[in-house]
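A.B. asks: Okay, so here is entry_12.tsv, and as you'll see once you scroll down, it has TSV, C-alpha atoms.
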```tsv
chain	number	residue	atom	x	y	z
B	1	MET	CA	-17.92	8.11	21.34
B	2	ALA	CA	-21.30	9.28	20.15
B	3	SER	CA	-22.82	6.21	18.64
B	4	THR	CA	-22.26	2.86	17.11
B	5	GLY	CA	-23.82	1.15	14.15
B	6	ARG	CA	-27.18	-0.58	14.18
B	7	GLY	CA	-26.47	-3.43	11.84
B	8	ARG	CA	-27.57	-1.76	8.61
B	9	SER	CA	-25.34	-2.29	5.62
B	10	SER	CA	-24.10	0.92	4.02
B	11	LYS	CA	-23.71	-0.59	0.57
B	12	GLN	CA	-25.50	1.61	-1.90
B	13	GLY	CA	-26.76	1.12	-5.41
B	14	ASN	CA	-26.08	4.75	-6.33
B	15	GLY	CA	-22.43	4.19	-7.26
B	16	CYS	CA	-21.11	5.55	-4.00
B	17	PRO	CA	-18.53	3.10	-2.61
B	18	SER	CA	-19.38	1.46	0.70
B	19	LEU	CA	-17.34	2.35	3.77
B	20	SER	CA	-15.42	-0.93	3.57
B	21	GLU	CA	-14.50	-0.12	-0.03
B	22	GLN	CA	-13.42	3.37	1.01
B	23	GLY	CA	-11.25	1.84	3.76
B	24	HIS	CA	-9.76	-0.66	1.33
B	25	GLN	CA	-9.00	2.12	-1.16
B	26	GLN	CA	-7.22	4.12	1.54
B	27	ILE	CA	-4.99	1.16	2.31
B	28	ILE	CA	-4.19	0.72	-1.39
B	29	ASP	CA	-3.38	4.45	-1.73
B	30	TYR	CA	-1.02	4.27	1.26
B	31	LEU	CA	0.68	1.18	-0.14
B	32	ARG	CA	1.15	2.81	-3.56
B	33	LEU	CA	2.94	5.69	-1.85
B	34	ALA	CA	5.01	3.29	0.22
B	35	GLU	CA	6.17	1.48	-2.92
B	36	GLU	CA	7.95	4.71	-3.90
B	37	SER	CA	9.91	4.75	-0.63
B	38	ARG	CA	13.70	4.95	-0.68
B	39	TYR	CA	13.81	2.33	2.10
B	40	VAL	CA	13.99	-1.19	0.68
B	41	GLU	CA	12.34	-2.78	3.73
B	42	ILE	CA	9.37	-0.42	3.49
B	43	ARG	CA	8.96	-1.20	-0.22
B	44	GLU	CA	9.13	-4.94	0.45
B	45	ALA	CA	6.69	-4.69	3.36
B	46	ALA	CA	4.33	-2.63	1.19
B	47	ILE	CA	4.36	-5.28	-1.54
B	48	ARG	CA	3.73	-8.08	1.00
B	49	LEU	CA	0.92	-6.09	2.55
B	50	ALA	CA	-0.60	-5.33	-0.85
B	51	GLU	CA	-0.68	-9.05	-1.68
B	52	GLN	CA	-2.32	-9.90	1.65
B	53	THR	CA	-4.83	-7.06	1.29
B	54	SER	CA	-5.68	-8.03	-2.28
B	55	LYS	CA	-6.22	-11.70	-1.34
B	56	TYR	CA	-8.35	-10.72	1.63
B	57	HIS	CA	-10.40	-8.29	-0.44
B	58	HIS	CA	-10.99	-10.89	-3.16
B	59	LYS	CA	-12.14	-13.35	-0.52
B	60	GLN	CA	-14.47	-10.84	1.11
B	61	SER	CA	-15.96	-9.54	-2.14
B	62	ALA	CA	-16.47	-12.99	-3.71
B	63	ARG	CA	-20.12	-13.58	-4.65
B	64	VAL	CA	-19.70	-17.31	-4.15
B	65	SER	CA	-17.56	-18.63	-1.33
B	66	PRO	CA	-14.23	-20.04	-2.56
B	67	ASN	CA	-14.76	-22.99	-0.19
B	68	LEU	CA	-18.09	-23.78	-1.88
B	69	ILE	CA	-16.42	-23.72	-5.29
B	70	LEU	CA	-13.70	-26.08	-4.04
B	71	TRP	CA	-16.36	-28.48	-2.73
B	72	ILE	CA	-18.15	-28.38	-6.11
B	73	TYR	CA	-14.85	-29.15	-7.90
B	74	LEU	CA	-14.22	-32.03	-5.51
B	75	ILE	CA	-17.73	-33.52	-5.81
B	76	LEU	CA	-17.74	-33.20	-9.60
B	77	GLY	CA	-14.23	-34.71	-9.71
B	78	ILE	CA	-15.45	-37.71	-7.72
B	79	ALA	CA	-18.55	-37.98	-9.96
B	80	VAL	CA	-16.38	-37.94	-13.11
B	81	THR	CA	-14.06	-40.59	-11.65
B	82	ALA	CA	-17.07	-42.75	-10.73
B	83	ALA	CA	-18.56	-42.29	-14.21
B	84	ASN	CA	-15.25	-43.37	-15.76
B	85	TRP	CA	-15.12	-46.44	-13.56
B	86	LEU	CA	-18.70	-47.32	-14.54
B	87	ALA	CA	-17.91	-46.78	-18.22
B	88	TYR	CA	-14.91	-49.14	-18.06
B	89	SER	CA	-16.91	-51.77	-16.19
B	90	HIS	CA	-19.98	-51.68	-18.49
B	91	TYR	CA	-18.75	-50.80	-21.98
B	92	PRO	CA	-16.06	-52.03	-24.36
B	93	GLU	CA	-12.65	-50.50	-23.63
B	94	ARG	CA	-12.55	-48.24	-26.69
B	95	LEU	CA	-15.97	-46.77	-25.99
B	96	ALA	CA	-15.22	-46.44	-22.26
B	97	PHE	CA	-12.02	-44.56	-23.11
B	98	GLU	CA	-13.99	-42.13	-25.28
B	99	VAL	CA	-16.67	-41.59	-22.64
B	100	SER	CA	-14.03	-41.11	-19.93
B	101	SER	CA	-11.98	-38.65	-21.92
B	102	ILE	CA	-15.07	-36.63	-22.86
B	103	SER	CA	-16.32	-36.52	-19.25
B	104	ALA	CA	-12.84	-35.49	-18.06
B	105	LEU	CA	-12.69	-32.74	-20.71
B	106	VAL	CA	-16.19	-31.50	-19.82
B	107	TYR	CA	-15.04	-31.36	-16.18
B	108	LEU	CA	-11.92	-29.44	-17.21
B	109	ALA	CA	-14.04	-27.06	-19.29
B	110	PHE	CA	-16.31	-26.43	-16.27
B	111	VAL	CA	-13.32	-25.78	-13.99
B	112	GLY	CA	-11.74	-23.58	-16.68
B	113	THR	CA	-14.93	-21.55	-17.16
B	114	THR	CA	-15.39	-20.91	-13.44
B	115	LEU	CA	-11.71	-19.96	-13.07
B	116	PHE	CA	-12.06	-17.65	-16.08
B	117	LEU	CA	-15.15	-15.99	-14.56
B	118	ALA	CA	-13.24	-15.55	-11.29
B	119	GLY	CA	-10.43	-13.87	-13.20
B	120	ARG	CA	-7.93	-16.64	-12.42
B	121	LEU	CA	-7.56	-17.99	-15.96
B	122	SER	CA	-6.78	-16.06	-19.12
B	123	GLN	CA	-9.14	-16.11	-22.09
B	124	ALA	CA	-6.41	-17.75	-24.21
B	125	ASN	CA	-6.09	-20.66	-21.78
B	126	LEU	CA	-9.86	-21.05	-21.54
B	127	MET	CA	-10.06	-21.18	-25.35
B	128	LYS	CA	-7.30	-23.81	-25.32
B	129	ILE	CA	-9.34	-26.02	-22.97
B	130	LEU	CA	-12.52	-25.50	-25.02
B	131	GLY	CA	-10.46	-26.24	-28.15
B	132	TRP	CA	-9.40	-29.63	-26.72
B	133	LEU	CA	-13.06	-30.41	-26.02
B	134	ARG	CA	-14.16	-29.40	-29.52
B	135	SER	CA	-11.40	-31.32	-31.27
B	136	HIS	CA	-12.09	-34.36	-29.12
B	137	PHE	CA	-15.80	-34.25	-29.98
B	138	LYS	CA	-14.92	-33.94	-33.66
B	139	ALA	CA	-12.52	-36.89	-33.48
B	140	TRP	CA	-15.06	-38.91	-31.50
B	141	GLY	CA	-17.82	-38.10	-34.00
B	142	SER	CA	-15.75	-39.20	-36.98
B	143	GLY	CA	-14.46	-42.31	-35.11
B	144	ARG	CA	-18.00	-43.26	-34.11
B	145	ASP	CA	-19.10	-43.40	-37.76
B	146	LYS	CA	-16.38	-45.96	-38.47
B	147	MET	CA	-17.16	-48.04	-35.32
B	148	PRO	CA	-19.04	-51.38	-35.61
B	149	ASP	CA	-22.75	-50.98	-34.69
B	150	ASP	CA	-22.48	-53.05	-31.46
B	151	GLN	CA	-19.85	-50.69	-30.00
B	152	LYS	CA	-21.79	-47.47	-30.60
B	153	LEU	CA	-23.11	-45.74	-27.53
B	154	GLY	CA	-26.91	-45.72	-27.20
A	155	MET	CA	12.14	1.49	29.45
A	156	SER	CA	12.18	-1.19	26.76
A	157	PHE	CA	9.13	-2.80	25.25
A	158	PRO	CA	9.91	-6.40	24.14
A	159	LYS	CA	7.40	-6.52	21.29
A	160	PHE	CA	8.76	-3.29	19.87
A	161	GLU	CA	12.36	-4.55	20.15
A	162	ARG	CA	11.30	-7.71	18.31
A	163	VAL	CA	9.85	-5.65	15.43
A	164	LYS	CA	13.12	-3.71	15.25
A	165	GLN	CA	15.11	-6.95	15.11
A	166	LEU	CA	12.93	-8.23	12.31
A	167	HIS	CA	13.37	-5.03	10.31
A	168	PRO	CA	16.92	-3.78	10.93
A	169	GLY	CA	16.89	-1.60	7.82
A	170	VAL	CA	14.24	0.68	9.30
A	171	SER	CA	15.09	0.38	13.00
A	172	ALA	CA	16.17	4.04	13.21
A	173	LEU	CA	12.84	5.08	11.69
A	174	LEU	CA	10.99	2.79	14.08
A	175	ASP	CA	12.80	4.43	17.00
A	176	ARG	CA	11.67	7.86	15.83
A	177	LEU	CA	8.15	6.59	15.30
A	178	TRP	CA	8.19	5.02	18.77
A	179	ASP	CA	9.15	8.36	20.32
A	180	TYR	CA	6.36	10.01	18.35
A	181	ILE	CA	3.81	7.41	19.51
A	182	ARG	CA	4.84	7.84	23.15
A	183	ALA	CA	4.66	11.61	22.87
A	184	GLN	CA	1.20	11.39	21.33
A	185	HIS	CA	-0.04	9.15	24.11
A	186	ALA	CA	1.54	11.33	26.74
A	187	SER	CA	-0.42	14.26	25.32
A	188	GLY	CA	-3.66	12.28	25.46
A	189	GLN	CA	-4.00	11.33	21.79
A	190	GLU	CA	-5.84	8.02	21.55
A	191	TYR	CA	-5.04	7.26	17.92
A	192	ILE	CA	-1.96	7.51	15.73
A	193	VAL	CA	-2.93	8.74	12.28
A	194	PRO	CA	-0.45	7.81	9.50
A	195	LYS	CA	-0.76	11.22	7.79
A	196	LEU	CA	0.08	13.09	10.99
A	197	ALA	CA	2.92	10.70	11.87
A	198	ALA	CA	4.30	11.13	8.35
A	199	ALA	CA	4.26	14.91	8.67
A	200	ALA	CA	5.95	14.77	12.08
A	201	LEU	CA	8.68	12.38	10.93
A	202	GLY	CA	9.27	13.83	7.47
A	203	LEU	CA	8.14	10.66	5.67
A	204	ASN	CA	5.54	10.13	3.00
A	205	ASP	CA	2.11	8.94	4.17
A	206	GLY	CA	2.65	5.47	2.78
A	207	GLU	CA	5.96	5.01	4.60
A	208	ALA	CA	4.36	6.01	7.91
A	209	PHE	CA	1.44	3.66	7.27
A	210	VAL	CA	3.74	0.70	6.56
A	211	LEU	CA	5.89	1.38	9.64
A	212	LEU	CA	2.78	1.61	11.83
A	213	ASP	CA	1.46	-1.57	10.26
A	214	LEU	CA	4.73	-3.35	11.00
A	215	LEU	CA	4.19	-2.41	14.64
A	216	ALA	CA	0.61	-3.69	14.36
A	217	GLN	CA	1.84	-7.00	12.94
A	218	GLY	CA	4.27	-7.20	15.84
A	219	GLY	CA	1.46	-6.80	18.37
A	220	VAL	CA	2.51	-3.33	19.52
A	221	LEU	CA	-0.38	-1.50	17.87
A	222	ARG	CA	-3.68	-2.49	16.27
A	223	ARG	CA	-5.10	-1.08	13.08
A	224	VAL	CA	-8.50	0.58	13.50
A	225	TYR	CA	-10.91	2.44	11.22
A	226	ASN	CA	-12.46	5.63	12.54
A	227	VAL	CA	-15.76	6.69	10.97
A	228	TYR	CA	-16.64	10.38	10.99
A	229	CYS	CA	-19.84	12.23	10.14
A	230	ARG	CA	-18.82	14.68	7.41
A	231	LYS	CA	-21.56	17.15	8.32
A	232	GLN	CA	-20.69	17.36	12.03
A	233	ASN	CA	-17.04	16.32	11.65
A	234	ALA	CA	-17.59	14.08	14.66
A	235	LEU	CA	-16.25	10.61	15.38
A	236	LEU	CA	-19.15	8.15	15.14
A	237	ALA	CA	-17.48	4.81	15.62
A	238	THR	CA	-14.20	2.96	15.70
A	239	VAL	CA	-14.12	-0.53	14.24
A	240	GLU	CA	-11.32	-3.06	13.86
A	241	SER	CA	-12.13	-4.64	10.50
A	242	LEU	CA	-13.14	-3.52	7.03
A	243	GLU	CA	-16.35	-5.60	7.09
A	244	ALA	CA	-17.44	-3.97	10.33
A	245	LEU	CA	-17.36	-0.60	8.56
A	246	ASP	CA	-20.50	-1.51	6.62
A	247	GLU	CA	-22.40	-1.92	9.88
A	248	VAL	CA	-21.83	1.72	10.77
A	249	ALA	CA	-24.60	3.95	9.51
A	250	HIS	CA	-26.59	5.67	12.21
A	251	CYS	CA	-25.41	9.05	13.38
A	252	ASP	CA	-26.60	10.20	16.79
A	253	PHE	CA	-25.44	13.75	16.05
A	254	CYS	CA	-27.75	14.05	13.05
A	255	ASP	CA	-30.12	11.25	14.16
A	256	VAL	CA	-30.27	9.77	10.66
A	257	ASP	CA	-28.91	6.73	8.88
A	258	HIS	CA	-26.25	8.27	6.67
A	259	ASP	CA	-25.25	7.23	3.16
A	260	PRO	CA	-21.58	6.23	2.88
A	261	SER	CA	-20.99	9.49	1.00
A	262	ASP	CA	-21.94	11.41	4.18
A	263	LEU	CA	-19.36	9.51	6.21
A	264	LYS	CA	-15.58	9.53	6.16
A	265	VAL	CA	-13.27	6.65	7.00
A	266	GLU	CA	-9.84	7.28	8.47
A	267	ILE	CA	-7.30	4.56	9.13
A	268	ALA	CA	-5.55	4.93	12.47
A	269	PHE	CA	-3.55	2.86	14.94
A	270	ALA	CA	-4.18	2.37	18.63
A	271	PRO	CA	-2.12	0.61	21.32
A	272	ALA	CA	-2.68	-3.13	21.19
A	273	SER	CA	-2.57	-3.52	24.95
A	274	SER	CA	-2.59	-1.51	28.13
A	275	ASP	CA	1.21	-2.04	28.41
A	276	LEU	CA	1.83	0.63	25.78
A	277	ARG	CA	-0.53	3.05	27.47
A	278	ASP	CA	1.46	2.56	30.66
A	279	LEU	CA	4.66	3.46	28.81
A	280	ALA	CA	3.25	6.83	27.92
A	281	ALA	CA	2.31	7.53	31.50
```
Go ahead and express the file in the form of structure tokens.
C.D. replies:
Amino acid sequence: MASTGRGRSSKQGNGCPSLSEQGHQQIIDYLRLAEESRYVEIREAAIRLAEQTSKYHHKQSARVSPNLILWIYLILGIAVTAANWLAYSHYPERLAFEVSSISALVYLAFVGTTLFLAGRLSQANLMKILGWLRSHFKAWGSGRDKMPDDQKLG
Amino acid sequence: MSFPKFERVKQLHPGVSALLDRLWDYIRAQHASGQEYIVPKLAAAALGLNDGEAFVLLDLLAQGGVLRRVYNVYCRKQNALLATVESLEALDEVAHCDFCDVDHDPSDLKVEIAFAPASSDLRDLAA
């Protein structure tokens, strides 16, 4: 063997795929060919391997670590739950319900947006979540006008 | 001489056990002739399979602990083997070429997927 690497990344900004991308592409090309095999077991193995390779590649090429995103979801989820608890313990029930449902919907919208950006949620489903949020705000706005002054937030 | 890990792979994939036997003979012949790596394209040509079929069969042996998948990096200019790495991420650490004494762009390098024996047991079989 003539040499080994010296720790420099080969990723280029000139549109040329990095060596790891070239390697990944070779695997995908092989698996595409294998999916045309007349042997059922080879086709099944190729599909399994393609799924594993795709998952692994997504994980490796993620700009933000999936574990970090999960932690953010968890921390925000706990924060929303705590906010709901505070709302119920400090405000009238009707107002607390409104605040809780809005905070839960904002949380859902955040999760939906990040999943959409990661390619895990379709645009239609994201719009559905945002639609819930919008309709809830509208309903809350119109309900708030009818509410007695002492129950209005702020 | 039987090789338990190989027999286990055959048991797990009975539908391709005849192909695995042929591939096994090919692997042993390659090692007997001093070839360090099994290249899917060459195995496919020797066994009359398509490249993808040979790759999947070799990968089944890798999953069974008989072989290991490696990535050989070649300098295109010199057509010389620069490095062999065991993971895709490690490929991006390969850049310097002692033949040309420069840090190559990825476009000047070529990656080739190959398979090598996972342990010395297999090398002994070829002997």
A.B. asks: Using all atoms listed in the file, find which residues of chain A lie within 6 Å of chain B and jot them down as a PyMOL selection string.
C.D. replies: chain A and resi 206-207+236-237+242-243+245-250+252+260
A.B. asks: Just give me the residues with any atom within 12 Å of (-15.1, -19.9, -6.0), file coordinates, counting all atoms listed in the file, written as JSON, numbers by chain.
C.D. replies: {"B": [58, 59, 60, 61, 62, 63, 64, 65, 66, 67, 68, 69, 70, 71, 72, 73, 111, 112, 113, 114, 115, 116, 117, 118, 119, 120]}
A.B. asks: Please compute the atom CA of B:Ile75-atom CA of B:Phe110 distance, one decimal, in Å.
C.D. replies: 12.7 Å
A.B. asks: Interatomic distance between atom CA of A:Lys159 and atom CA of A:Val220?
C.D. replies: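 Distance between the two atoms: 6.1 Å.
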A.B. asks: Rounded to one decimal in Å, what is the spacing between atom CA of B:Gly77 and atom CA of B:Tyr107?
C.D. replies: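 According to the coordinates, atom CA of B:Gly77 and atom CA of B:Tyr107 are separated by 7.3 Å.
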A.B. asks: Show me the residues around (10.4, 12.3, 13.7) - criterion: an atom at most 8 Å away, only C-alpha atoms counted - as a list in words.
C.D. replies: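 Neighbouring residues, ordered by chain and number, come to Leu173, Arg176, Leu177, Asp179, Tyr180, Ala197, Ala200, Leu201 and Gly202 of chain A.
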A.B. asks: Atoms are missing here; could stretch 59-95 of chain B be completed with N, CA and C atoms and written as an mmCIF file, in the frame of the given file?
C.D. replies:
```
data_model
loop_
_atom_site.group_PDB
_atom_site.id
_atom_site.type_symbol
_atom_site.label_atom_id
_atom_site.label_comp_id
_atom_site.auth_asym_id
_atom_site.auth_seq_id
_atom_site.Cartn_x
_atom_site.Cartn_y
_atom_site.Cartn_z
ATOM 1 N N LYS B 59 -11.390 -12.362 -1.293
ATOM 2 C CA LYS B 59 -12.140 -13.350 -0.520
ATOM 3 C C LYS B 59 -13.430 -12.730 0.014
ATOM 4 N N GLN B 60 -13.312 -11.494 0.516
ATOM 5 C CA GLN B 60 -14.470 -10.840 1.110
ATOM 6 C C GLN B 60 -15.510 -10.444 0.069
ATOM 7 N N SER B 61 -15.025 -10.054 -1.135
ATOM 8 C CA SER B 61 -15.960 -9.540 -2.140
ATOM 9 C C SER B 61 -16.465 -10.642 -3.077
ATOM 10 N N ALA B 62 -16.026 -11.891 -2.841
ATOM 11 C CA ALA B 62 -16.470 -12.990 -3.710
ATOM 12 C C ALA B 62 -17.975 -13.204 -3.556
ATOM 13 N N ARG B 63 -18.676 -13.354 -4.705
ATOM 14 C CA ARG B 63 -20.120 -13.580 -4.650
ATOM 15 C C ARG B 63 -20.415 -15.005 -4.191
ATOM 16 N N VAL B 64 -19.544 -15.922 -4.587
ATOM 17 C CA VAL B 64 -19.700 -17.310 -4.150
ATOM 18 C C VAL B 64 -18.459 -17.642 -3.322
ATOM 19 N N SER B 65 -18.690 -18.309 -2.210
ATOM 20 C CA SER B 65 -17.560 -18.630 -1.330
ATOM 21 C C SER B 65 -16.551 -19.529 -2.041
ATOM 22 N N PRO B 66 -15.249 -19.190 -1.944
ATOM 23 C CA PRO B 66 -14.230 -20.040 -2.560
ATOM 24 C C PRO B 66 -14.273 -21.479 -2.036
ATOM 25 N N ASN B 67 -14.658 -21.632 -0.755
ATOM 26 C CA ASN B 67 -14.760 -22.990 -0.190
ATOM 27 C C ASN B 67 -15.859 -23.786 -0.873
ATOM 28 N N LEU B 68 -16.979 -23.098 -1.192
ATOM 29 C CA LEU B 68 -18.090 -23.780 -1.880
ATOM 30 C C LEU B 68 -17.634 -24.247 -3.256
ATOM 31 N N ILE B 69 -16.910 -23.372 -3.954
ATOM 32 C CA ILE B 69 -16.420 -23.720 -5.290
ATOM 33 C C ILE B 69 -15.488 -24.937 -5.213
ATOM 34 N N LEU B 70 -14.617 -24.945 -4.199
ATOM 35 C CA LEU B 70 -13.700 -26.080 -4.040
ATOM 36 C C LEU B 70 -14.472 -27.375 -3.802
ATOM 37 N N TRP B 71 -15.534 -27.289 -2.990
ATOM 38 C CA TRP B 71 -16.360 -28.480 -2.730
ATOM 39 C C TRP B 71 -17.026 -28.950 -4.033
ATOM 40 N N ILE B 72 -17.504 -28.002 -4.835
ATOM 41 C CA ILE B 72 -18.150 -28.380 -6.110
ATOM 42 C C ILE B 72 -17.134 -29.076 -7.016
ATOM 43 N N TYR B 73 -15.901 -28.510 -7.096
ATOM 44 C CA TYR B 73 -14.850 -29.150 -7.900
ATOM 45 C C TYR B 73 -14.607 -30.576 -7.421
ATOM 46 N N LEU B 74 -14.538 -30.720 -6.094
ATOM 47 C CA LEU B 74 -14.220 -32.030 -5.510
ATOM 48 C C LEU B 74 -15.338 -33.032 -5.809
ATOM 49 N N ILE B 75 -16.594 -32.613 -5.596
ATOM 50 C CA ILE B 75 -17.730 -33.520 -5.810
ATOM 51 C C ILE B 75 -17.830 -33.896 -7.285
ATOM 52 N N LEU B 76 -17.687 -32.891 -8.158
ATOM 53 C CA LEU B 76 -17.740 -33.200 -9.600
ATOM 54 C C LEU B 76 -16.582 -34.104 -10.005
ATOM 55 N N GLY B 77 -15.400 -33.869 -9.413
ATOM 56 C CA GLY B 77 -14.230 -34.710 -9.710
ATOM 57 C C GLY B 77 -14.502 -36.156 -9.343
ATOM 58 N N ILE B 78 -15.118 -36.340 -8.162
ATOM 59 C CA ILE B 78 -15.450 -37.710 -7.720
ATOM 60 C C ILE B 78 -16.496 -38.306 -8.660
ATOM 61 N N ALA B 79 -17.487 -37.492 -9.059
ATOM 62 C CA ALA B 79 -18.550 -37.980 -9.960
ATOM 63 C C ALA B 79 -17.952 -38.399 -11.301
ATOM 64 N N VAL B 80 -17.007 -37.606 -11.818
ATOM 65 C CA VAL B 80 -16.380 -37.940 -13.110
ATOM 66 C C VAL B 80 -15.575 -39.237 -12.976
ATOM 67 N N THR B 81 -14.845 -39.364 -11.870
ATOM 68 C CA THR B 81 -14.060 -40.590 -11.650
ATOM 69 C C THR B 81 -14.988 -41.806 -11.576
ATOM 70 N N ALA B 82 -16.112 -41.647 -10.854
ATOM 71 C CA ALA B 82 -17.070 -42.750 -10.730
ATOM 72 C C ALA B 82 -17.672 -43.101 -12.090
ATOM 73 N N ALA B 83 -17.983 -42.069 -12.870
ATOM 74 C CA ALA B 83 -18.560 -42.290 -14.210
ATOM 75 C C ALA B 83 -17.551 -43.046 -15.086
ATOM 76 N N ASN B 84 -16.289 -42.683 -14.979
ATOM 77 C CA ASN B 84 -15.250 -43.370 -15.760
ATOM 78 C C ASN B 84 -15.143 -44.836 -15.364
ATOM 79 N N TRP B 85 -15.193 -45.057 -14.056
ATOM 80 C CA TRP B 85 -15.120 -46.440 -13.560
ATOM 81 C C TRP B 85 -16.309 -47.251 -14.093
ATOM 82 N N LEU B 86 -17.499 -46.637 -14.036
ATOM 83 C CA LEU B 86 -18.700 -47.320 -14.540
ATOM 84 C C LEU B 86 -18.577 -47.609 -16.035
ATOM 85 N N ALA B 87 -18.055 -46.604 -16.769
ATOM 86 C CA ALA B 87 -17.910 -46.780 -18.220
ATOM 87 C C ALA B 87 -16.994 -47.958 -18.530
ATOM 88 N N TYR B 88 -15.864 -48.052 -17.796
ATOM 89 C CA TYR B 88 -14.910 -49.140 -18.060
ATOM 90 C C TYR B 88 -15.492 -50.502 -17.638
ATOM 91 N N SER B 89 -16.391 -50.475 -16.636
ATOM 92 C CA SER B 89 -16.910 -51.770 -16.190
ATOM 93 C C SER B 89 -18.157 -52.217 -16.986
ATOM 94 N N HIS B 90 -18.748 -51.315 -17.766
ATOM 95 C CA HIS B 90 -19.980 -51.680 -18.490
ATOM 96 C C HIS B 90 -19.857 -51.632 -20.011
ATOM 97 N N TYR B 91 -18.859 -50.959 -20.526
ATOM 98 C CA TYR B 91 -18.750 -50.800 -21.980
ATOM 99 C C TYR B 91 -17.416 -51.340 -22.480
ATOM 100 N N PRO B 92 -17.351 -51.604 -23.796
ATOM 101 C CA PRO B 92 -16.060 -52.030 -24.360
ATOM 102 C C PRO B 92 -14.997 -50.955 -24.098
ATOM 103 N N GLU B 93 -13.746 -51.390 -24.045
ATOM 104 C CA GLU B 93 -12.650 -50.500 -23.630
ATOM 105 C C GLU B 93 -12.559 -49.229 -24.475
ATOM 106 N N ARG B 94 -12.696 -49.398 -25.794
ATOM 107 C CA ARG B 94 -12.550 -48.240 -26.690
ATOM 108 C C ARG B 94 -13.627 -47.188 -26.417
ATOM 109 N N LEU B 95 -14.853 -47.679 -26.254
ATOM 110 C CA LEU B 95 -15.970 -46.770 -25.990
ATOM 111 C C LEU B 95 -15.823 -46.127 -24.603
#
```
